[in-house]
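Asks: Pasting query_29.cif below, which is mmCIF, C-alpha atoms.
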```cif
data_target
#
loop_
_atom_site.label_atom_id
_atom_site.label_comp_id
_atom_site.auth_asym_id
_atom_site.auth_seq_id
_atom_site.Cartn_x
_atom_site.Cartn_y
_atom_site.Cartn_z
CA MET A 19 15.66 -3.35 12.01
CA ALA A 20 15.73 -1.48 15.26
CA THR A 21 19.30 -0.41 14.54
CA MET A 22 18.15 2.14 11.95
CA MET A 23 15.95 3.90 14.46
CA GLU A 24 18.92 4.10 16.88
CA ASP A 25 21.01 6.05 14.39
CA GLU A 26 20.71 9.75 15.20
CA VAL A 27 20.93 10.93 11.60
CA PHE A 28 18.18 8.50 10.59
CA MET A 29 16.04 9.61 13.52
CA ALA A 30 16.51 13.25 12.50
CA PHE A 31 15.59 12.37 8.91
CA THR A 32 12.51 10.50 10.14
CA THR A 33 11.40 13.50 12.21
CA TYR A 34 11.70 16.06 9.42
CA ALA A 35 10.33 13.72 6.75
CA ALA A 36 7.21 13.18 8.89
CA ILE A 37 6.86 16.94 9.48
CA VAL A 38 7.04 17.97 5.81
CA ILE A 39 4.75 15.10 4.72
CA LEU A 40 2.17 16.14 7.35
CA LYS A 41 2.47 19.73 6.10
CA MET A 42 1.74 18.47 2.58
CA LEU A 43 -1.26 16.41 3.75
CA VAL A 44 -2.80 19.54 5.32
CA MET A 45 -3.15 21.07 1.84
CA ALA A 46 -6.08 18.74 1.04
CA PRO A 47 -8.36 19.91 3.89
CA MET A 48 -7.25 23.47 3.04
CA THR A 49 -8.43 22.93 -0.55
CA ALA A 50 -11.73 21.56 0.78
CA PHE A 51 -12.12 24.62 3.02
CA PHE A 52 -11.65 26.99 0.05
CA ARG A 53 -14.00 24.90 -2.12
CA PHE A 54 -16.79 25.23 0.47
CA SER A 55 -16.15 28.88 1.44
CA ARG A 56 -15.79 30.03 -2.20
CA GLY A 57 -18.49 27.68 -3.55
CA ALA A 58 -16.34 26.08 -6.25
CA PHE A 59 -16.59 22.31 -6.74
CA ALA A 60 -15.26 19.84 -9.30
CA ASN A 61 -17.73 16.94 -9.16
CA GLU A 62 -21.48 16.82 -9.73
CA GLU A 63 -21.99 14.47 -6.77
CA ASP A 64 -20.35 17.07 -4.50
CA VAL A 65 -23.19 19.54 -5.09
CA ALA A 66 -26.07 17.05 -5.30
CA LEU A 67 -27.68 18.33 -2.08
CA LYS A 68 -27.82 21.94 -3.30
CA PRO A 69 -30.95 23.39 -4.94
CA SER A 70 -30.88 22.38 -8.61
CA GLU A 71 -30.67 25.96 -9.91
CA GLU A 72 -27.50 26.55 -7.86
CA ARG A 73 -25.71 23.37 -8.86
CA LYS A 74 -24.34 24.45 -12.22
CA LYS A 75 -22.99 27.68 -10.78
CA LEU A 76 -21.08 25.77 -8.09
CA LEU A 77 -19.31 23.53 -10.63
CA ARG A 78 -16.62 26.05 -11.45
CA SER A 79 -13.03 26.88 -10.70
CA HIS A 80 -12.16 29.73 -8.35
CA PRO A 81 -8.80 31.57 -8.21
CA ASP A 82 -8.38 30.91 -4.47
CA VAL A 83 -9.01 27.17 -4.88
CA GLU A 84 -6.63 27.00 -7.85
CA ARG A 85 -3.97 28.81 -5.80
CA VAL A 86 -4.14 26.22 -3.00
CA ARG A 87 -4.06 23.42 -5.57
CA ARG A 88 -0.93 24.86 -7.22
CA CYS A 89 0.68 25.10 -3.77
CA HIS A 90 -0.24 21.46 -3.09
CA GLN A 91 1.16 20.42 -6.48
CA ASN A 92 4.41 22.28 -5.74
CA ASP A 93 4.65 20.34 -2.47
CA LEU A 94 4.26 17.05 -4.34
CA GLU A 95 6.95 18.11 -6.82
CA ASN A 96 9.42 19.11 -4.08
CA ILE A 97 8.65 17.35 -0.78
CA VAL A 98 8.43 13.84 -2.25
CA PRO A 99 11.88 14.15 -3.93
CA PHE A 100 13.30 15.58 -0.68
CA VAL A 101 12.05 12.59 1.33
CA LEU A 102 13.29 10.03 -1.24
CA ILE A 103 16.73 11.64 -1.67
CA GLY A 104 16.90 12.37 2.07
CA LEU A 105 16.35 8.69 2.90
CA LEU A 106 19.29 7.69 0.69
CA TYR A 107 21.35 10.62 2.04
CA ALA A 108 20.73 9.54 5.66
CA LEU A 109 21.96 6.04 4.75
CA THR A 110 25.31 7.41 3.49
CA GLY A 111 26.20 8.28 7.08
CA PRO A 112 26.64 12.08 7.01
CA GLU A 113 27.62 14.11 10.09
CA LEU A 114 24.58 14.76 12.31
CA SER A 115 25.19 18.53 12.23
CA ALA A 116 25.35 18.61 8.42
CA ALA A 117 22.25 16.43 8.13
CA LEU A 118 20.27 18.56 10.61
CA LEU A 119 21.27 21.71 8.68
CA HIS A 120 19.88 20.21 5.45
CA PHE A 121 16.65 18.97 7.07
CA ARG A 122 15.93 22.17 9.03
CA VAL A 123 16.58 24.50 6.11
CA PHE A 124 14.35 22.38 3.86
CA ALA A 125 11.48 22.22 6.36
CA GLY A 126 11.71 25.97 6.96
CA SER A 127 11.81 26.73 3.24
CA ARG A 128 8.66 24.69 2.57
CA ILE A 129 6.71 26.29 5.42
CA LEU A 130 7.72 29.72 4.10
CA HIS A 131 6.78 28.60 0.58
CA THR A 132 3.24 27.73 1.70
CA ILE A 133 2.86 31.04 3.58
CA THR A 134 4.10 33.08 0.61
CA TYR A 135 1.96 31.11 -1.86
CA ILE A 136 -1.34 31.09 0.05
CA GLY A 137 -0.80 34.69 1.18
CA ALA A 138 0.15 35.77 -2.37
CA LEU A 139 3.08 37.69 -0.89
CA PRO A 140 5.14 39.83 -3.30
CA GLN A 141 7.81 38.04 -5.31
CA PRO A 142 10.59 37.01 -5.03
CA SER A 143 9.56 35.65 -1.61
CA ARG A 144 7.92 32.53 -3.04
CA ALA A 145 10.60 31.96 -5.66
CA LEU A 146 13.37 32.20 -3.04
CA SER A 147 11.68 29.85 -0.58
CA TRP A 148 11.16 27.35 -3.42
CA ILE A 149 14.76 27.54 -4.67
CA VAL A 150 16.26 27.08 -1.20
CA GLY A 151 14.38 23.78 -0.88
CA VAL A 152 15.55 22.65 -4.32
CA LEU A 153 19.17 23.51 -3.45
CA VAL A 154 18.96 21.42 -0.25
CA THR A 155 17.71 18.43 -2.25
CA PHE A 156 20.44 18.91 -4.88
CA SER A 157 23.08 19.16 -2.13
CA MET A 158 21.91 15.85 -0.61
CA ALA A 159 21.79 14.22 -4.07
CA TYR A 160 25.36 15.40 -4.72
CA ARG A 161 26.53 13.78 -1.48
CA VAL A 162 24.65 10.56 -2.32
CA LEU A 163 26.12 10.28 -5.83
CA SER A 164 29.65 11.20 -4.70
CA LYS A 165 29.53 8.45 -2.03
CA VAL A 166 27.62 5.79 -3.97
CA LEU A 167 27.91 5.55 -7.73
CA VAL A 168 27.24 2.21 -9.42
CA LEU A 169 26.22 2.78 -13.04
CA MET B 20 20.08 -6.29 4.11
CA ALA B 21 18.18 -9.54 4.10
CA THR B 22 17.25 -8.96 7.74
CA MET B 23 14.68 -6.29 6.81
CA MET B 24 12.80 -8.71 4.59
CA GLU B 25 12.71 -11.25 7.44
CA ASP B 26 10.85 -8.84 9.72
CA GLU B 27 7.14 -9.63 9.52
CA VAL B 28 6.00 -6.02 9.94
CA PHE B 29 8.32 -4.90 7.16
CA MET B 30 7.11 -7.74 4.94
CA ALA B 31 3.50 -6.71 5.58
CA PHE B 32 4.38 -3.09 4.80
CA THR B 33 6.12 -4.19 1.58
CA THR B 34 3.06 -6.19 0.52
CA TYR B 35 0.53 -3.40 1.03
CA ALA B 36 2.85 -0.68 -0.31
CA ALA B 37 3.25 -2.68 -3.54
CA ILE B 38 -0.54 -3.23 -3.77
CA VAL B 39 -1.51 0.44 -3.39
CA ILE B 40 1.26 1.61 -5.73
CA LEU B 41 0.10 -0.89 -8.37
CA LYS B 42 -3.46 0.36 -7.88
CA MET B 43 -2.19 3.91 -8.50
CA LEU B 44 -0.27 2.87 -11.63
CA VAL B 45 -3.46 1.38 -13.11
CA MET B 46 -4.98 4.89 -13.25
CA ALA B 47 -2.76 5.80 -16.23
CA PRO B 48 -4.04 3.06 -18.59
CA MET B 49 -7.54 3.89 -17.31
CA THR B 50 -7.01 7.52 -18.34
CA ALA B 51 -5.78 6.33 -21.75
CA PHE B 52 -8.88 4.13 -22.11
CA PHE B 53 -11.20 7.09 -21.44
CA ARG B 54 -9.17 9.36 -23.77
CA PHE B 55 -9.66 6.90 -26.64
CA SER B 56 -13.27 5.92 -25.91
CA ARG B 57 -14.38 9.54 -25.35
CA GLY B 58 -12.13 11.00 -28.05
CA ALA B 59 -10.43 13.60 -25.87
CA PHE B 60 -6.67 14.07 -26.23
CA ALA B 61 -4.13 16.56 -24.89
CA ASN B 62 -1.31 16.51 -27.47
CA GLU B 63 -1.34 17.25 -31.20
CA GLU B 64 0.95 14.29 -31.94
CA ASP B 65 -1.59 11.97 -30.30
CA VAL B 66 -4.18 12.69 -33.01
CA ALA B 67 -1.79 13.02 -35.97
CA LEU B 68 -3.17 9.90 -37.68
CA LYS B 69 -6.78 11.12 -37.61
CA PRO B 70 -8.33 12.92 -40.61
CA SER B 71 -7.29 16.59 -40.40
CA GLU B 72 -10.85 17.90 -40.00
CA GLU B 73 -11.33 15.70 -36.91
CA ARG B 74 -8.06 16.61 -35.19
CA LYS B 75 -9.06 19.90 -33.64
CA LYS B 76 -12.26 18.42 -32.24
CA LEU B 77 -10.29 15.64 -30.53
CA LEU B 78 -7.95 18.09 -28.72
CA ARG B 79 -10.37 18.80 -25.91
CA SER B 80 -11.06 17.88 -22.33
CA HIS B 81 -13.90 15.51 -21.46
CA PRO B 82 -15.60 15.25 -18.04
CA ASP B 83 -14.96 11.49 -17.81
CA VAL B 84 -11.24 11.91 -18.57
CA GLU B 85 -10.96 14.77 -16.06
CA ARG B 86 -12.67 12.62 -13.43
CA VAL B 87 -10.12 9.79 -13.82
CA ARG B 88 -7.30 12.34 -13.73
CA ARG B 89 -8.60 13.86 -10.49
CA CYS B 90 -8.81 10.35 -9.02
CA HIS B 91 -5.21 9.68 -10.11
CA GLN B 92 -4.09 12.99 -8.59
CA ASN B 93 -5.82 12.13 -5.32
CA ASP B 94 -3.91 8.83 -5.31
CA LEU B 95 -0.62 10.69 -5.74
CA GLU B 96 -1.55 13.05 -2.89
CA ASN B 97 -2.47 10.22 -0.51
CA ILE B 98 -0.79 6.95 -1.51
CA VAL B 99 2.72 8.40 -1.80
CA PRO B 100 2.56 9.93 1.74
CA PHE B 101 1.17 6.62 3.06
CA VAL B 102 4.08 4.65 1.60
CA LEU B 103 6.69 7.13 2.86
CA ILE B 104 5.24 7.43 6.38
CA GLY B 105 4.48 3.68 6.41
CA LEU B 106 8.12 2.86 5.68
CA LEU B 107 9.26 4.92 8.67
CA TYR B 108 6.42 3.50 10.77
CA ALA B 109 7.43 -0.09 9.95
CA LEU B 110 10.98 0.73 11.09
CA THR B 111 9.75 1.85 14.53
CA GLY B 112 8.88 -1.77 15.29
CA PRO B 113 5.09 -1.69 15.90
CA GLU B 114 3.08 -4.78 16.81
CA LEU B 115 2.29 -6.86 13.71
CA SER B 116 -1.44 -6.79 14.47
CA ALA B 117 -1.48 -3.00 14.79
CA ALA B 118 0.58 -2.57 11.63
CA LEU B 119 -1.65 -4.94 9.63
CA LEU B 120 -4.72 -3.05 10.82
CA HIS B 121 -3.25 0.24 9.52
CA PHE B 122 -2.15 -1.24 6.19
CA ARG B 123 -5.39 -3.15 5.51
CA VAL B 124 -7.67 -0.24 6.36
CA PHE B 125 -5.63 2.09 4.16
CA ALA B 126 -5.59 -0.28 1.18
CA GLY B 127 -9.34 -0.86 1.55
CA SER B 128 -10.07 2.85 1.84
CA ARG B 129 -8.15 3.66 -1.35
CA ILE B 130 -9.84 0.89 -3.37
CA LEU B 131 -13.22 2.19 -2.16
CA HIS B 132 -12.11 5.75 -3.00
CA THR B 133 -11.39 4.77 -6.61
CA ILE B 134 -14.71 2.94 -6.94
CA THR B 135 -16.69 5.86 -5.50
CA TYR B 136 -14.79 8.42 -7.60
CA ILE B 137 -14.91 6.65 -10.99
CA GLY B 138 -18.49 5.52 -10.34
CA ALA B 139 -19.51 9.03 -9.20
CA LEU B 140 -21.33 7.43 -6.27
CA PRO B 141 -23.36 9.75 -4.02
CA GLN B 142 -21.45 11.64 -1.33
CA PRO B 143 -20.31 11.25 1.39
CA SER B 144 -19.03 7.85 0.15
CA ARG B 145 -15.96 9.34 -1.55
CA ALA B 146 -15.27 11.83 1.24
CA LEU B 147 -15.42 9.09 3.88
CA SER B 148 -13.15 6.69 1.99
CA TRP B 149 -10.66 9.53 1.51
CA ILE B 150 -10.69 10.62 5.15
CA VAL B 151 -10.21 7.08 6.49
CA GLY B 152 -7.00 6.84 4.46
CA VAL B 153 -5.79 10.20 5.75
CA LEU B 154 -6.50 9.17 9.36
CA VAL B 155 -4.46 5.97 8.92
CA THR B 156 -1.50 8.01 7.64
CA PHE B 157 -1.85 10.51 10.51
CA SER B 158 -2.03 7.66 13.03
CA MET B 159 1.21 6.17 11.68
CA ALA B 160 2.88 9.61 11.64
CA TYR B 161 1.85 10.12 15.28
CA ARG B 162 3.47 6.80 16.25
CA VAL B 163 6.63 7.71 14.27
CA LEU B 164 6.98 11.15 15.88
CA SER B 165 6.20 9.87 19.37
CA LYS B 166 8.91 7.18 19.02
CA VAL B 167 11.52 9.20 17.12
CA LEU B 168 11.80 12.94 17.56
CA VAL B 169 15.13 14.64 16.85
CA LEU B 170 14.54 18.30 16.03
CA MET C 8 23.24 1.40 8.73
CA ALA C 9 26.43 1.46 6.73
CA THR C 10 25.78 -2.13 5.68
CA MET C 11 23.04 -1.08 3.26
CA MET C 12 25.38 1.23 1.38
CA GLU C 13 27.90 -1.63 1.07
CA ASP C 14 25.40 -3.82 -0.78
CA GLU C 15 26.05 -3.48 -4.51
CA VAL C 16 22.39 -3.83 -5.54
CA PHE C 17 21.38 -1.13 -3.05
CA MET C 18 24.18 1.12 -4.28
CA ALA C 19 23.01 0.65 -7.86
CA PHE C 20 19.44 1.42 -6.80
CA THR C 21 20.63 4.54 -4.98
CA THR C 22 22.52 5.74 -8.05
CA TYR C 23 19.63 5.35 -10.49
CA ALA C 24 17.02 6.60 -8.02
CA ALA C 25 19.05 9.80 -7.56
CA ILE C 26 19.46 10.21 -11.33
CA VAL C 27 15.75 9.88 -12.19
CA ILE C 28 14.71 12.12 -9.27
CA LEU C 29 17.19 14.79 -10.39
CA LYS C 30 15.78 14.47 -13.93
CA MET C 31 12.29 15.05 -12.50
CA LEU C 32 13.45 18.08 -10.47
CA VAL C 33 14.82 19.71 -13.65
CA MET C 34 11.25 19.93 -15.02
CA ALA C 35 10.45 22.82 -12.63
CA PRO C 36 13.16 25.21 -13.92
CA MET C 37 12.19 24.11 -17.43
CA THR C 38 8.58 25.13 -16.72
CA ALA C 39 9.86 28.47 -15.38
CA PHE C 40 11.93 28.97 -18.55
CA PHE C 41 8.88 28.41 -20.77
CA ARG C 42 6.72 30.66 -18.57
CA PHE C 43 9.18 33.54 -19.01
CA SER C 44 10.00 32.97 -22.68
CA ARG C 45 6.35 32.47 -23.69
CA GLY C 46 4.99 35.10 -21.26
CA ALA C 47 2.44 32.84 -19.56
CA PHE C 48 2.11 33.04 -15.78
CA ALA C 49 -0.28 31.59 -13.21
CA ASN C 50 -0.11 34.05 -10.28
CA GLU C 51 -0.81 37.78 -10.11
CA GLU C 52 2.23 38.39 -7.89
CA ASP C 53 4.45 36.86 -10.60
CA VAL C 54 3.64 39.69 -13.02
CA ALA C 55 3.44 42.54 -10.50
CA LEU C 56 6.54 44.28 -11.91
CA LYS C 57 5.16 44.39 -15.47
CA PRO C 58 3.33 47.47 -16.80
CA SER C 59 -0.28 47.23 -15.65
CA GLU C 60 -1.75 47.01 -19.16
CA GLU C 61 0.40 43.93 -19.86
CA ARG C 62 -0.39 42.08 -16.66
CA LYS C 63 -3.74 40.58 -17.61
CA LYS C 64 -2.39 39.32 -20.90
CA LEU C 65 0.46 37.51 -19.12
CA LEU C 66 -1.93 35.63 -16.80
CA ARG C 67 -2.76 32.92 -19.31
CA SER C 68 -1.90 29.36 -20.18
CA HIS C 69 0.35 28.61 -23.15
CA PRO C 70 0.51 25.28 -25.02
CA ASP C 71 4.31 24.98 -24.53
CA VAL C 72 4.04 25.58 -20.78
CA GLU C 73 1.17 23.08 -20.49
CA ARG C 74 3.23 20.50 -22.40
CA VAL C 75 6.16 20.78 -19.94
CA ARG C 76 3.72 20.58 -17.04
CA ARG C 77 2.12 17.40 -18.41
CA CYS C 78 5.61 15.92 -18.83
CA HIS C 79 6.43 16.84 -15.21
CA GLN C 80 3.15 15.29 -14.04
CA ASN C 81 3.92 12.09 -15.94
CA ASP C 82 7.30 11.98 -14.16
CA LEU C 83 5.55 12.27 -10.79
CA GLU C 84 3.14 9.49 -11.76
CA ASN C 85 5.92 7.13 -12.89
CA ILE C 86 9.26 8.02 -11.30
CA VAL C 87 7.94 8.16 -7.72
CA PRO C 88 6.38 4.64 -7.99
CA PHE C 89 9.62 3.36 -9.56
CA VAL C 90 11.72 4.68 -6.66
CA LEU C 91 9.32 3.31 -4.01
CA ILE C 92 8.95 -0.12 -5.62
CA GLY C 93 12.65 -0.15 -6.52
CA LEU C 94 13.62 0.42 -2.88
CA LEU C 95 11.59 -2.62 -1.79
CA TYR C 96 12.87 -4.60 -4.79
CA ALA C 97 16.51 -3.85 -3.87
CA LEU C 98 15.81 -5.14 -0.35
CA THR C 99 14.61 -8.53 -1.69
CA GLY C 100 18.22 -9.27 -2.72
CA PRO C 101 17.98 -9.71 -6.52
CA GLU C 102 20.99 -10.53 -8.71
CA LEU C 103 23.07 -7.42 -9.44
CA SER C 104 22.84 -8.00 -13.20
CA ALA C 105 19.04 -8.31 -13.10
CA ALA C 106 18.73 -5.25 -10.89
CA LEU C 107 21.02 -3.14 -13.11
CA LEU C 108 18.99 -4.18 -16.17
CA HIS C 109 15.78 -2.94 -14.51
CA PHE C 110 17.33 0.33 -13.33
CA ARG C 111 19.12 1.15 -16.60
CA VAL C 112 16.12 0.41 -18.80
CA PHE C 113 13.88 2.53 -16.58
CA ALA C 114 16.29 5.50 -16.51
CA GLY C 115 16.72 5.31 -20.27
CA SER C 116 12.96 5.07 -20.87
CA ARG C 117 12.27 8.19 -18.78
CA ILE C 118 14.98 10.26 -20.48
CA LEU C 119 13.53 9.22 -23.86
CA HIS C 120 10.03 10.01 -22.57
CA THR C 121 11.06 13.58 -21.72
CA ILE C 122 12.77 14.07 -25.11
CA THR C 123 9.77 12.73 -27.02
CA TYR C 124 7.30 14.77 -24.94
CA ILE C 125 9.09 18.14 -24.97
CA GLY C 126 10.08 17.64 -28.62
CA ALA C 127 6.52 16.59 -29.55
CA LEU C 128 8.02 13.72 -31.57
CA PRO C 129 5.58 11.58 -33.59
CA GLN C 130 3.77 8.84 -31.75
CA PRO C 131 4.17 6.04 -30.75
CA SER C 132 7.63 7.20 -29.54
CA ARG C 133 6.28 8.77 -26.35
CA ALA C 134 3.78 5.97 -25.69
CA LEU C 135 6.50 3.32 -26.06
CA SER C 136 9.01 5.08 -23.80
CA TRP C 137 6.27 5.47 -21.19
CA ILE C 138 5.14 1.85 -21.35
CA VAL C 139 8.68 0.46 -21.06
CA GLY C 140 9.08 2.33 -17.77
CA VAL C 141 5.74 1.02 -16.48
CA LEU C 142 6.71 -2.56 -17.40
CA VAL C 143 9.99 -2.24 -15.46
CA THR C 144 8.08 -1.07 -12.37
CA PHE C 145 5.54 -3.91 -12.75
CA SER C 146 8.38 -6.45 -13.15
CA MET C 147 10.00 -5.24 -9.90
CA ALA C 148 6.63 -5.26 -8.12
CA TYR C 149 6.06 -8.84 -9.28
CA ARG C 150 9.41 -9.90 -7.83
CA VAL C 151 8.64 -8.08 -4.57
CA LEU C 152 5.21 -9.67 -4.16
CA SER C 153 6.42 -13.14 -5.13
CA LYS C 154 9.22 -12.94 -2.52
CA VAL C 155 7.31 -11.14 0.24
CA LEU C 156 3.59 -11.56 0.64
CA VAL C 157 2.03 -10.96 4.06
CA LEU C 158 -1.64 -10.10 3.64
#
```
Have the structure of the file written as structure tokens, please.
Replies:
Amino acid sequence: MATMMEDEVFMAFTTYAAIVILKMLVMAPMTAFFRFSRGAFANEEDVALKPSEERKKLLRSHPDVERVRRCHQNDLENIVPFVLIGLLYALTGPELSAALLHFRVFAGSRILHTITYIGALPQPSRALSWIVGVLVTFSMAYRVLSKVLVL
Amino acid sequence: MATMMEDEVFMAFTTYAAIVILKMLVMAPMTAFFRFSRGAFANEEDVALKPSEERKKLLRSHPDVERVRRCHQNDLENIVPFVLIGLLYALTGPELSAALLHFRVFAGSRILHTITYIGALPQPSRALSWIVGVLVTFSMAYRVLSKVLVL
Amino acid sequence: MATMMEDEVFMAFTTYAAIVILKMLVMAPMTAFFRFSRGAFANEEDVALKPSEERKKLLRSHPDVERVRRCHQNDLENIVPFVLIGLLYALTGPELSAALLHFRVFAGSRILHTITYIGALPQPSRALSWIVGVLVTFSMAYRVLSKVLVL
């Protein structure tokens, strides 16, 4: 058991996996913040304490809330595959320098992706930050399949 | 290989990870149940056997279906990070009692979250059950990063 | 470390996990393709280069885009649990033949699911391909819990 957490590549993977998962988890409180500040809720019980004439108006979608939710969804679609492929990649015993390059570029790309998405920065900033992360995951998957292929 | 499944902490992690993932998988049949009982479908091919005058009416969203789908989405956003961080946490060799406390509280919080969400129970029951789960995941991530940090 | 990637069951798991995750990752470019070809975007900055009278019309949902997105969501809801449960299952030391049967049937079911969903093939083709994948994941979870249960 303890041997895995003595391997430097696995420790590096663990560090960056924890960082990007924590980044993803922060999207939920951010959604809650926008729901309260914009007054846009999804469930009747969430507005039960408001005056009854206001309630119906608060059960609506708001562009800012939907933007954060799309950003969160994009994290789910990209960070979870990175962590799963990255775990297998770390177990194939890559060079530490190559592994760190993959993990750092991915973490940076996802932080930039969130900034460009929430800030609605001009394209192609968001598209580029997204595609860099995808390419890192594909590169790790290529290494995994070229080392380990049992069909 | 077999050594991991002889470690009690890893066995406890495996047990609770399987339980919460199974709980999450049950949300899909529950969505299907509400789609049929409420008559609210998303795809044309899903209503192809109905009389043609009914079809268009059945291609709609229904509040009860949307509620189950939001609950399922919340599971994806919280249970998947728990399992990923929990795996790394289990590999850092925590005390069995501390690990069991994390795993049990998380599993309990997510079962309560589903009950409060589907039952539309008054707030803050759902908010509290959600936040307890998030705090467990953050606590495990803190332990992981304090034990293993290779940037 | 290296010992895991010398275990044939774990190598088979790694292979099929990488394949189904790559399949899931392909859904994002497919969504982008449908967004461009159908002219249906979600963010204002994505249509900033279009003539201003066109912009508002392009910020809409389109049935084909929504179909790909539902397919992607179904992948998230099913492929991620398969990989997580499959990892634990591989660590319980099953027979290689039994493990390969699980992995191959799951991978096949998800490829069929995507074809039936994107192609809008008549039901119950999509329902069956979905349920086969769920049953594989439940079968692996059953093995995991029957081998390793620490509550």
Asks: What are the residues of chain A lining chain B at 7 Å or less? Count all atoms listed in the file, and put the answer as a list in words.
Replies: Met19, Ala20, Met23, Met29, Ala30, Thr32, Thr33, Ala36, Ile39, Glu63 and Asp64 of chain A
Asks: Work out how far CA of Phe31 in chain A is from CA of Gly104 in chain A, in Å to one decimal.
Replies: 7.0 Å
Asks: Any idea what's packed within 8 Å of Ala49 in chain C, counting only C-alpha atoms, ignoring anything in its chain fewer than 5 positions away? Could you give it as a list of chain:residue names?
Replies: C:Leu66, C:Arg67, C:Ser68
Asks: Can you list, as a VMD selection string, every protein, DNA or RNA residue that comes within 7 Å of range 112-125 of chain A when you count only C-alpha atoms, leaving out same-chain residues fewer than 4 positions away?
Replies: chain A and resid 26 to 27 30 to 31 34 38 108 129 151 154
Asks: Taking only C-alpha atoms into account, which of B:His132, B:Arg88, B:Lys76, B:Arg162 comes nearest Ala51 in chain B?
Replies: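 Checking each candidate against Ala51 in chain B, we get B:Arg88 as the closest.
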Asks: Assuming the chain letters and numbering stay as they are in my file, what does the PyMOL selection byres ((chain B and resi 55) around 12) actually select? List them as number ranges by chain.
Replies: B: 48-54, 56-61, 65-66, 77-81, 83-84
